[in-house]
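Below: upload20.txt (compact mmCIF, C-alpha atoms)
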```
# COMPACT_ATOMS: atom_id res chain seq x y z
CA MET A 1 0.00 0.00 0.00
CA ILE A 2 2.81 2.41 0.90
CA ALA A 3 4.47 1.75 -2.45
CA THR A 4 1.20 2.46 -4.24
CA VAL A 5 0.72 5.69 -2.32
CA ALA A 6 4.30 6.73 -3.00
CA PHE A 7 3.90 6.04 -6.71
CA SER A 8 0.72 8.09 -6.80
CA ALA A 9 2.58 11.00 -5.23
CA LEU A 10 5.58 10.97 -7.54
CA ARG A 11 6.46 13.85 -9.79
CA TYR A 12 3.92 16.44 -8.74
CA ALA A 13 4.36 19.67 -6.74
CA ALA A 14 3.27 23.32 -6.18
CA ALA A 15 3.50 26.71 -4.34
CA PHE A 16 1.86 30.10 -4.88
CA GLN A 17 3.11 32.97 -7.04
CA PRO A 18 0.66 35.46 -8.58
CA ALA A 19 0.56 36.16 -12.29
CA SER A 20 2.22 39.46 -13.14
CA PRO A 21 0.11 42.64 -13.25
CA VAL A 22 1.30 43.22 -16.82
CA PHE A 23 -0.10 39.89 -17.93
CA ALA A 24 -3.33 40.48 -16.07
CA ARG A 25 -3.83 43.77 -17.92
CA ARG A 26 -2.98 42.21 -21.27
CA ALA A 27 -5.37 39.34 -20.68
CA ALA A 28 -8.16 41.68 -19.67
CA SER A 29 -7.62 43.90 -22.70
CA SER A 30 -7.35 41.04 -25.20
CA LEU A 31 -10.45 39.19 -24.01
CA HIS A 32 -13.94 40.51 -23.37
CA MET A 33 -14.71 40.08 -19.69
CA ALA A 34 -17.39 37.44 -19.40
CA SER A 35 -19.27 35.94 -16.53
CA ASP A 36 -17.05 33.68 -14.46
CA ASN A 37 -19.77 32.05 -12.40
CA ASP A 38 -21.69 30.16 -15.10
CA PHE A 39 -20.50 26.85 -13.66
CA ASP A 40 -21.15 27.56 -9.99
CA ASP A 41 -23.91 24.95 -9.92
CA PHE A 42 -22.14 22.36 -12.07
CA THR A 43 -22.74 18.63 -11.82
CA SER A 44 -19.91 16.13 -11.60
CA LYS A 45 -22.10 13.17 -12.45
CA VAL A 46 -19.54 11.92 -15.00
CA THR A 47 -16.08 13.38 -14.42
CA PHE A 48 -13.27 12.99 -16.94
CA MET A 49 -9.78 13.12 -15.39
CA PHE A 50 -6.45 13.64 -17.14
CA PRO A 51 -2.96 12.75 -15.80
CA GLY A 52 0.02 15.02 -15.26
CA GLN A 53 3.75 14.84 -15.79
CA GLY A 54 5.27 11.57 -14.63
CA ALA A 55 2.55 9.39 -16.16
CA GLN A 56 4.59 8.84 -19.33
CA PHE A 57 6.29 5.52 -20.12
CA VAL A 58 8.21 4.14 -23.08
CA GLY A 59 5.83 2.17 -25.27
CA MET A 60 2.75 4.30 -24.63
CA CYS A 61 0.34 4.88 -27.50
CA GLU A 62 1.92 2.28 -29.79
CA GLU A 63 -1.11 -0.02 -29.99
CA THR A 64 -3.58 2.85 -29.74
CA CYS A 65 -2.11 4.55 -32.80
CA LYS A 66 -2.11 1.27 -34.73
CA GLU A 67 -5.76 0.65 -33.93
CA VAL A 68 -7.19 4.20 -33.91
CA PRO A 69 -6.34 6.30 -37.00
CA ALA A 70 -7.63 9.47 -35.34
CA ALA A 71 -5.11 9.01 -32.52
CA LYS A 72 -2.26 8.58 -35.01
CA ALA A 73 -3.42 11.75 -36.78
CA LEU A 74 -3.04 13.69 -33.53
CA PHE A 75 0.57 12.56 -33.20
CA ASP A 76 1.25 13.48 -36.82
CA GLU A 77 -0.12 16.98 -36.25
CA ALA A 78 1.82 17.36 -33.01
CA SER A 79 5.07 16.23 -34.65
CA GLU A 80 4.66 18.90 -37.32
CA ILE A 81 4.33 21.55 -34.61
CA LEU A 82 7.15 20.23 -32.41
CA GLY A 83 9.62 19.53 -35.20
CA TYR A 84 10.35 15.94 -34.13
CA ASP A 85 8.65 12.54 -34.23
CA LEU A 86 6.74 12.53 -30.96
CA LEU A 87 5.17 9.11 -31.45
CA ASP A 88 8.59 7.52 -32.02
CA LEU A 89 9.81 8.97 -28.72
CA CYS A 90 6.70 7.68 -26.92
CA VAL A 91 7.02 4.22 -28.42
CA SER A 92 10.80 3.74 -28.50
CA GLY A 93 12.30 6.30 -26.14
CA PRO A 94 14.98 6.59 -24.99
CA LYS A 95 13.44 6.85 -21.53
CA GLU A 96 15.73 9.70 -20.47
CA LYS A 97 14.53 11.84 -23.36
CA LEU A 98 10.86 10.97 -22.93
CA ASP A 99 11.12 11.74 -19.21
CA SER A 100 12.66 15.17 -19.85
CA THR A 101 10.34 18.03 -19.03
CA VAL A 102 10.48 19.50 -22.53
CA VAL A 103 9.29 16.24 -24.12
CA SER A 104 7.09 14.66 -21.46
CA GLN A 105 4.71 17.60 -21.19
CA PRO A 106 3.56 17.67 -24.84
CA ALA A 107 3.79 13.86 -24.93
CA ILE A 108 1.33 13.41 -22.07
CA PHE A 109 -0.98 16.05 -23.50
CA VAL A 110 -1.11 14.36 -26.91
CA ALA A 111 -1.39 10.89 -25.36
CA SER A 112 -4.34 12.05 -23.27
CA MET A 113 -6.15 13.42 -26.28
CA ALA A 114 -5.38 10.17 -28.10
CA ALA A 115 -7.15 8.38 -25.24
CA VAL A 116 -10.25 10.44 -25.99
CA GLU A 117 -10.10 9.24 -29.59
CA LYS A 118 -9.71 5.66 -28.34
CA LEU A 119 -12.81 6.00 -26.18
CA LYS A 120 -14.70 7.43 -29.12
CA ALA A 121 -13.59 4.57 -31.38
CA GLU A 122 -14.49 1.89 -28.85
CA LYS A 123 -17.72 3.21 -27.37
CA GLY A 124 -18.88 5.96 -29.71
CA GLN A 125 -19.31 9.69 -29.46
CA GLU A 126 -22.05 9.12 -26.92
CA ALA A 127 -19.52 7.91 -24.35
CA VAL A 128 -17.48 11.09 -24.83
CA ASP A 129 -20.54 13.31 -24.60
CA GLU A 130 -21.53 11.80 -21.25
CA ALA A 131 -18.87 13.87 -19.48
CA THR A 132 -20.41 16.60 -17.32
CA CYS A 133 -17.13 18.07 -16.05
CA ALA A 134 -13.37 17.61 -16.43
CA MET A 135 -10.22 18.02 -14.37
CA GLY A 136 -6.52 17.43 -14.90
CA LEU A 137 -3.57 17.06 -12.55
CA SER A 138 -1.24 20.03 -13.12
CA LEU A 139 -0.22 19.60 -16.77
CA GLY A 140 -3.40 17.57 -17.21
CA GLU A 141 -5.46 20.73 -16.84
CA TYR A 142 -4.45 21.60 -20.40
CA SER A 143 -5.80 18.25 -21.57
CA ALA A 144 -9.04 18.89 -19.69
CA LEU A 145 -9.39 22.34 -21.25
CA CYS A 146 -8.75 20.93 -24.72
CA PHE A 147 -11.31 18.20 -24.14
CA ALA A 148 -13.81 20.86 -23.04
CA GLY A 149 -13.20 22.92 -26.19
CA ALA A 150 -11.55 25.83 -24.37
CA ILE A 151 -8.30 25.49 -26.32
CA SER A 152 -7.56 23.89 -29.67
CA PHE A 153 -5.41 20.79 -29.96
CA ALA A 154 -2.72 22.68 -31.91
CA ASP A 155 -2.58 25.42 -29.29
CA GLY A 156 -2.42 22.80 -26.58
CA VAL A 157 0.67 21.30 -28.18
CA LYS A 158 2.28 24.72 -28.53
CA VAL A 159 1.63 25.83 -24.98
CA THR A 160 2.65 22.54 -23.34
CA LYS A 161 5.87 22.63 -25.36
CA ALA A 162 6.55 26.19 -24.19
CA ARG A 163 5.58 25.33 -20.62
CA GLY A 164 8.00 22.42 -20.54
CA GLU A 165 10.82 24.51 -21.97
CA ALA A 166 10.22 27.36 -19.52
CA MET A 167 10.05 25.07 -16.49
CA GLN A 168 13.23 23.26 -17.56
CA ALA A 169 15.08 26.56 -17.93
CA ALA A 170 13.94 27.68 -14.49
CA SER A 171 15.06 24.35 -13.04
CA ASP A 172 18.49 24.67 -14.60
CA ALA A 173 19.03 28.05 -12.92
CA ILE A 174 19.24 26.73 -9.35
CA ASP A 175 19.69 23.38 -7.59
CA THR A 176 16.18 22.45 -6.44
CA GLY A 177 14.13 19.32 -6.04
CA MET A 178 11.02 17.62 -4.73
CA VAL A 179 10.25 15.08 -2.03
CA SER A 180 7.11 13.03 -1.49
CA VAL A 181 6.11 12.72 2.17
CA ILE A 182 3.96 9.73 3.07
CA GLY A 183 1.95 9.22 6.23
CA LEU A 184 1.58 12.74 7.64
CA SER A 185 -1.29 15.21 7.71
CA LYS A 186 -1.10 18.46 5.78
CA GLU A 187 -0.49 20.35 9.02
CA LYS A 188 2.37 18.07 10.04
CA VAL A 189 3.98 18.36 6.59
CA GLY A 190 3.81 22.13 6.97
CA GLU A 191 5.60 21.89 10.31
CA LEU A 192 8.16 19.55 8.74
CA CYS A 193 8.86 22.09 6.00
CA GLU A 194 9.33 24.85 8.57
CA ALA A 195 11.79 22.73 10.52
CA ALA A 196 13.74 21.76 7.40
CA SER A 197 13.89 25.37 6.23
CA GLU A 198 15.14 26.56 9.61
CA LYS A 199 17.73 23.81 9.88
CA SER A 200 19.04 24.11 6.30
CA GLY A 201 18.72 27.85 5.87
CA GLU A 202 16.94 27.27 2.56
CA LYS A 203 13.32 27.41 1.44
CA ILE A 204 11.03 24.39 1.12
CA GLN A 205 7.23 24.24 1.15
CA ILE A 206 4.24 22.01 0.55
CA ALA A 207 3.97 21.56 -3.17
CA ASN A 208 1.24 19.19 -4.24
CA LEU A 209 -1.78 18.50 -2.07
CA LEU A 210 -2.70 15.11 -3.47
CA CYS A 211 -4.65 13.46 -0.65
CA ASN A 212 -4.43 13.01 3.11
CA GLY A 213 -1.17 11.32 4.00
CA ASN A 214 0.29 11.91 0.56
CA TYR A 215 1.85 15.32 -0.08
CA ALA A 216 4.81 16.50 -2.13
CA VAL A 217 7.11 19.32 -1.11
CA SER A 218 9.45 21.42 -3.23
CA GLY A 219 12.43 23.58 -2.49
CA HIS A 220 16.16 24.10 -2.51
CA MET A 221 18.02 20.80 -2.75
CA LYS A 222 19.77 21.43 0.57
CA ALA A 223 16.38 21.82 2.25
CA CYS A 224 15.09 18.70 0.46
CA ASP A 225 18.00 16.69 1.83
CA THR A 226 17.40 18.00 5.34
CA LEU A 227 13.68 17.26 5.18
CA ALA A 228 14.34 13.68 4.05
CA GLU A 229 16.73 13.23 6.98
CA ILE A 230 14.39 14.44 9.73
CA ALA A 231 10.95 13.34 8.44
CA LYS A 232 10.93 9.83 9.93
CA PRO A 233 12.90 10.21 13.17
CA GLU A 234 11.52 13.59 14.23
CA PHE A 235 8.05 13.73 12.63
CA LYS A 236 7.15 10.02 12.36
CA ALA A 237 6.52 10.05 8.62
CA ARG A 238 6.12 6.56 7.16
CA MET A 239 8.56 7.34 4.38
CA THR A 240 9.93 10.00 2.07
CA VAL A 241 10.75 9.63 -1.61
CA LYS A 242 13.03 12.02 -3.45
CA LEU A 243 11.38 12.56 -6.80
CA ALA A 244 13.13 12.20 -10.15
CA VAL A 245 12.19 15.61 -11.49
CA ALA A 246 14.24 18.45 -12.95
CA GLY A 247 13.55 20.89 -10.13
CA ALA A 248 11.06 22.41 -7.69
CA PHE A 249 8.11 22.42 -10.09
CA HIS A 250 5.15 24.60 -9.20
CA THR A 251 6.93 26.62 -6.54
CA ASP A 252 8.17 30.19 -6.59
CA PHE A 253 11.44 28.74 -7.85
CA MET A 254 9.52 28.45 -11.13
CA ALA A 255 8.79 32.19 -11.22
CA PRO A 256 11.20 32.75 -14.17
CA ALA A 257 9.00 30.42 -16.23
CA VAL A 258 5.88 32.57 -15.77
CA GLU A 259 6.89 35.38 -18.11
CA SER A 260 7.76 32.96 -20.91
CA LEU A 261 4.47 31.14 -20.48
CA GLU A 262 2.54 34.41 -20.41
CA LYS A 263 3.98 35.39 -23.79
CA VAL A 264 2.79 32.13 -25.33
CA LEU A 265 -0.62 32.37 -23.69
CA GLU A 266 -1.06 35.84 -25.19
CA ASP A 267 -1.28 34.21 -28.62
CA ILE A 268 -3.52 31.34 -27.50
CA GLU A 269 -7.27 31.71 -28.02
CA ILE A 270 -9.23 30.48 -25.04
CA ASN A 271 -12.96 29.99 -25.25
CA LYS A 272 -15.57 29.35 -22.61
CA PRO A 273 -15.43 25.59 -21.91
CA ARG A 274 -18.47 23.62 -23.05
CA ILE A 275 -18.36 21.79 -19.70
CA PRO A 276 -16.81 22.97 -16.42
CA VAL A 277 -13.08 22.36 -15.90
CA VAL A 278 -11.91 22.42 -12.28
CA SER A 279 -8.82 24.62 -11.85
CA ASN A 280 -5.76 23.35 -9.98
CA VAL A 281 -5.22 26.80 -8.49
CA ASP A 282 -8.49 27.24 -6.58
CA ALA A 283 -10.36 23.93 -7.02
CA SER A 284 -13.20 25.73 -8.85
CA PRO A 285 -14.47 25.78 -12.44
CA HIS A 286 -14.32 29.02 -14.42
CA SER A 287 -16.33 30.25 -17.38
CA ASP A 288 -14.52 33.51 -18.16
CA PRO A 289 -11.72 32.93 -20.73
CA ALA A 290 -9.66 35.81 -19.31
CA THR A 291 -9.76 34.27 -15.84
CA ILE A 292 -8.81 30.85 -17.20
CA LYS A 293 -5.83 32.36 -19.00
CA LYS A 294 -4.61 34.15 -15.86
CA LEU A 295 -4.98 30.99 -13.78
CA LEU A 296 -2.94 28.96 -16.28
CA ALA A 297 -0.07 31.42 -15.87
CA LYS A 298 -0.47 31.35 -12.09
CA GLN A 299 -0.62 27.55 -12.06
CA VAL A 300 3.12 27.21 -12.73
CA THR A 301 3.90 28.54 -9.25
CA ALA A 302 0.61 27.89 -7.41
CA PRO A 303 -0.24 24.88 -5.26
CA VAL A 304 -1.89 21.97 -7.04
CA MET A 305 -5.08 21.83 -5.00
CA TRP A 306 -5.98 18.30 -6.08
CA GLU A 307 -7.34 17.15 -2.73
CA ASP A 308 -9.76 20.09 -2.64
CA SER A 309 -10.61 19.64 -6.32
CA VAL A 310 -11.63 16.03 -5.80
CA ALA A 311 -13.62 16.96 -2.69
CA SER A 312 -15.48 19.57 -4.73
CA VAL A 313 -16.26 17.07 -7.47
CA LEU A 314 -17.44 14.44 -5.02
CA SER A 315 -19.90 16.95 -3.55
CA LYS A 316 -21.55 17.82 -6.86
CA GLY A 317 -23.67 14.77 -7.63
CA PHE A 318 -20.72 12.55 -8.57
CA GLU A 319 -21.56 9.09 -9.92
CA ARG A 320 -18.44 7.96 -11.77
CA ALA A 321 -15.11 9.09 -13.17
CA MET A 322 -13.03 8.17 -16.17
CA GLU A 323 -9.27 8.68 -16.40
CA LEU A 324 -8.00 9.20 -19.94
CA GLY A 325 -4.30 8.92 -20.71
CA PRO A 326 -1.22 7.03 -19.59
CA GLY A 327 -1.12 5.50 -16.12
CA LYS A 328 -3.67 5.32 -13.33
CA VAL A 329 -2.45 7.98 -10.90
CA THR A 330 -5.56 10.16 -10.72
CA ALA A 331 -7.80 7.11 -10.48
CA GLY A 332 -5.65 5.78 -7.65
CA VAL A 333 -5.80 9.06 -5.76
CA LEU A 334 -9.57 9.21 -6.21
CA LYS A 335 -9.84 5.77 -4.60
CA ARG A 336 -7.59 6.88 -1.74
CA ILE A 337 -9.96 9.79 -1.06
CA ASP A 338 -13.17 7.78 -1.53
CA LYS A 339 -12.94 3.99 -1.76
CA THR A 340 -16.49 3.79 -3.08
CA ALA A 341 -15.89 6.13 -6.03
CA ALA A 342 -16.46 4.38 -9.36
CA CYS A 343 -13.71 4.96 -11.92
CA GLU A 344 -12.74 3.51 -15.30
CA ASN A 345 -9.49 3.97 -17.21
CA VAL A 346 -8.90 4.54 -20.90
CA GLU A 347 -5.20 3.73 -21.12
CA VAL A 348 -2.90 4.26 -24.04
```

Would you give me this structure, written as structure tokens?
Amino acid sequence: MIATVAFSALRYAAAFQPASPVFARRAASSLHMASDNDFDDFTSKVTFMFPGQGAQFVGMCEETCKEVPAAKALFDEASEILGYDLLDLCVSGPKEKLDSTVVSQPAIFVASMAAVEKLKAEKGQEAVDEATCAMGLSLGEYSALCFAGAISFADGVKVTKARGEAMQAASDAIDTGMVSVIGLSKEKVGELCEAASEKSGEKIQIANLLCNGNYAVSGHMKACDTLAEIAKPEFKARMTVKLAVAGAFHTDFMAPAVESLEKVLEDIEINKPRIPVVSNVDASPHSDPATIKKLLAKQVTAPVMWEDSVASVLSKGFERAMELGPGKVTAGVLKRIDKTAACENVEV
């Protein structure tokens, strides 16, 4: 069980940093301000979930693209935009390249949209249309927005490519990392971060709020090392796992990535989603395109509020979920939060 929980926690993190005032003004001026509360009374009867970075694996999408021509067409279109053969990297690796931030982000996005095409091919458009809301873990929010018609597939490829590049560059600038902490409450993990920061003299903070007893923290590598040393003996954590990621994703260490992402988002058209998409930043759905755009920029440095997002969905008439894309991380977390929650997987 611990291993399963640890695996579910791997590779995700967050901390808050507001979008710049300049970007906020640009977004407001480039988009007509619309109502942002159209989805306040949404229903989560059928919730589609999309995975985030870390779900990728060598060999993914090989059979799907052989069996579903529409899925192969997505990879062809993405490869034209990216300038390299994305499907070949997904199918053949090498693993180190597929796992790199700059490749894995567009790869998971495209693979997730390929899963939608697989569902459509196997069960018909009706199965796709049953979704009443969508959500995605960190990077997966872009997949959810694309599924909901808020962004085009081509723009999704472009922005996930740019996001991966910007986050990699920010990671290269300073020695940072992430640690998964298993077996402590959110409050105890907060105290652990404070102790590690004080002892190391470097910053570390709760990053990804996945579910109770399963949180990731991000910070300076020195603070990460200190936290891993004191978590079990001093705070009685079950275990800690240093995550194989490029840096302190979704913390204020990623602030240099925000400006680059903002510039790309300026040229991305965002529409009102046809179904509500729950934001990672505030665990709420938004109907105003300008607000969605600002939250996507903020998301790079804001906490991934997955625990609250799932709680919100479960309170809105939830009947079943479907995870679309590589892996079963979001489905596993859903079951950790509510063992009775029904969930299917469309794997690629």

- Item | Top pick for closest residue to Gly247 of chain A, considering A:Gly327, A:Gly317, A:Gly164, A:Pro94 and counting all atoms listed in the file | A:Gly164

- Task: Give as a PyMOL selection string each residue that has an atom at most 6 Å from (10.3, 21.5, 4.6) in the file, counting only C-alpha atoms.
- Result: chain A and resi 192-194+196-197+204-205+227

- Item | Neighbour list for Ala114 of chain A as a PyMOL selection string, cut-off 10 Å, all atoms listed in the file, skip fewer than 3 positions in-chain | chain A and resi 61+64-65+68-75+108-111+117-120+324-326+346-348

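Shortest atom-to-atom contact with Ser104 of chain A among A:Gln299, A:Ser152, A:Gln53, A:Ser92: A:Gln53, counting only C-alpha atoms.
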
Got a sec to check which residues sit within 12 Å of (4.2, 14.9, -24.2), counting only C-alpha atoms, and write them as a tab-separated table (two decimals) with C-alpha atoms, in the coordinates of the input?
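As written to disk, result.tsv reads:
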```tsv
chain	number	residue	atom	x	y	z
A	51	PRO	CA	-2.96	12.75	-15.80
A	52	GLY	CA	0.02	15.02	-15.26
A	53	GLN	CA	3.75	14.84	-15.79
A	54	GLY	CA	5.27	11.57	-14.63
A	55	ALA	CA	2.55	9.39	-16.16
A	56	GLN	CA	4.59	8.84	-19.33
A	57	PHE	CA	6.29	5.52	-20.12
A	58	VAL	CA	8.21	4.14	-23.08
A	60	MET	CA	2.75	4.30	-24.63
A	61	CYS	CA	0.34	4.88	-27.50
A	74	LEU	CA	-3.04	13.69	-33.53
A	75	PHE	CA	0.57	12.56	-33.20
A	78	ALA	CA	1.82	17.36	-33.01
A	79	SER	CA	5.07	16.23	-34.65
A	82	LEU	CA	7.15	20.23	-32.41
A	84	TYR	CA	10.35	15.94	-34.13
A	85	ASP	CA	8.65	12.54	-34.23
A	86	LEU	CA	6.74	12.53	-30.96
A	87	LEU	CA	5.17	9.11	-31.45
A	88	ASP	CA	8.59	7.52	-32.02
A	89	LEU	CA	9.81	8.97	-28.72
A	90	CYS	CA	6.70	7.68	-26.92
A	91	VAL	CA	7.02	4.22	-28.42
A	93	GLY	CA	12.30	6.30	-26.14
A	97	LYS	CA	14.53	11.84	-23.36
A	98	LEU	CA	10.86	10.97	-22.93
A	99	ASP	CA	11.12	11.74	-19.21
A	100	SER	CA	12.66	15.17	-19.85
A	101	THR	CA	10.34	18.03	-19.03
A	102	VAL	CA	10.48	19.50	-22.53
A	103	VAL	CA	9.29	16.24	-24.12
A	104	SER	CA	7.09	14.66	-21.46
A	105	GLN	CA	4.71	17.60	-21.19
A	106	PRO	CA	3.56	17.67	-24.84
A	107	ALA	CA	3.79	13.86	-24.93
A	108	ILE	CA	1.33	13.41	-22.07
A	109	PHE	CA	-0.98	16.05	-23.50
A	110	VAL	CA	-1.11	14.36	-26.91
A	111	ALA	CA	-1.39	10.89	-25.36
A	112	SER	CA	-4.34	12.05	-23.27
A	113	MET	CA	-6.15	13.42	-26.28
A	114	ALA	CA	-5.38	10.17	-28.10
A	139	LEU	CA	-0.22	19.60	-16.77
A	140	GLY	CA	-3.40	17.57	-17.21
A	142	TYR	CA	-4.45	21.60	-20.40
A	143	SER	CA	-5.80	18.25	-21.57
A	156	GLY	CA	-2.42	22.80	-26.58
A	157	VAL	CA	0.67	21.30	-28.18
A	158	LYS	CA	2.28	24.72	-28.53
A	159	VAL	CA	1.63	25.83	-24.98
A	160	THR	CA	2.65	22.54	-23.34
A	161	LYS	CA	5.87	22.63	-25.36
A	162	ALA	CA	6.55	26.19	-24.19
A	163	ARG	CA	5.58	25.33	-20.62
A	164	GLY	CA	8.00	22.42	-20.54
A	165	GLU	CA	10.82	24.51	-21.97
A	325	GLY	CA	-4.30	8.92	-20.71
A	326	PRO	CA	-1.22	7.03	-19.59
```

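From atom CA of Pro285 of chain A back to atom CA of Glu130 of chain A, the distance works out to 18.0 Å.
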
- Task: Rank nothing, just name the residue among A:Ala150, A:Val128, A:Val181, A:Ala170 nearest to Ala290 of chain A, using only C-alpha atoms.
- Result: A:Ala150

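In terms of minimum interatomic distance to Thr240 of chain A, A:Asp225 ranks closest within A:Glu67, A:Asp41, A:Asp225, A:Asp308, counting all atoms listed in the file.
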
- Between atom CA of Val245 of chain A and atom CA of Lys293 of chain A, what is the distance, to one decimal in Å? 25.7 Å

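Ranking A:Ala297, A:Ala144, A:Cys343, A:Ile292 by their shortest atom-to-atom distance to Asp36 of chain A, with all atoms listed in the file included, puts A:Ile292 first.
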
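Among A:Asn208, A:Ser309, A:Gln168, A:Thr226, the residue with the shortest atom-to-atom distance to Phe253 of chain A, counting all atoms listed in the file, is A:Gln168.
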
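Between atom CA of Ala342 of chain A and atom CA of Glu319 of chain A the interatomic distance comes to 7.0 Å.
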
- Task: Skip Met221 of chain A itself and residues of its chain fewer than 5 positions away, then list as an MDAnalysis selection string all residues within 7 Å of it, counting all atoms listed in the file.
- Result: chainID A and resid 175:177

Could the residues in this selection be written to a file with C-alpha atoms, as a CSV table (one decimal), in the frame of the given file?
```csv
chain,number,residue,atom,x,y,z
A,175,ASP,CA,19.7,23.4,-7.6
A,176,THR,CA,16.2,22.4,-6.4
A,177,GLY,CA,14.1,19.3,-6.0
```

- Query: Neighbours of Ile337 of chain A within 9 Å (all atoms listed in the file; same-chain residues fewer than 2 positions away dropped), as an MDAnalysis selection string?
  - Reply: chainID A and resid 211:212 307 310:311 332:335 339 341
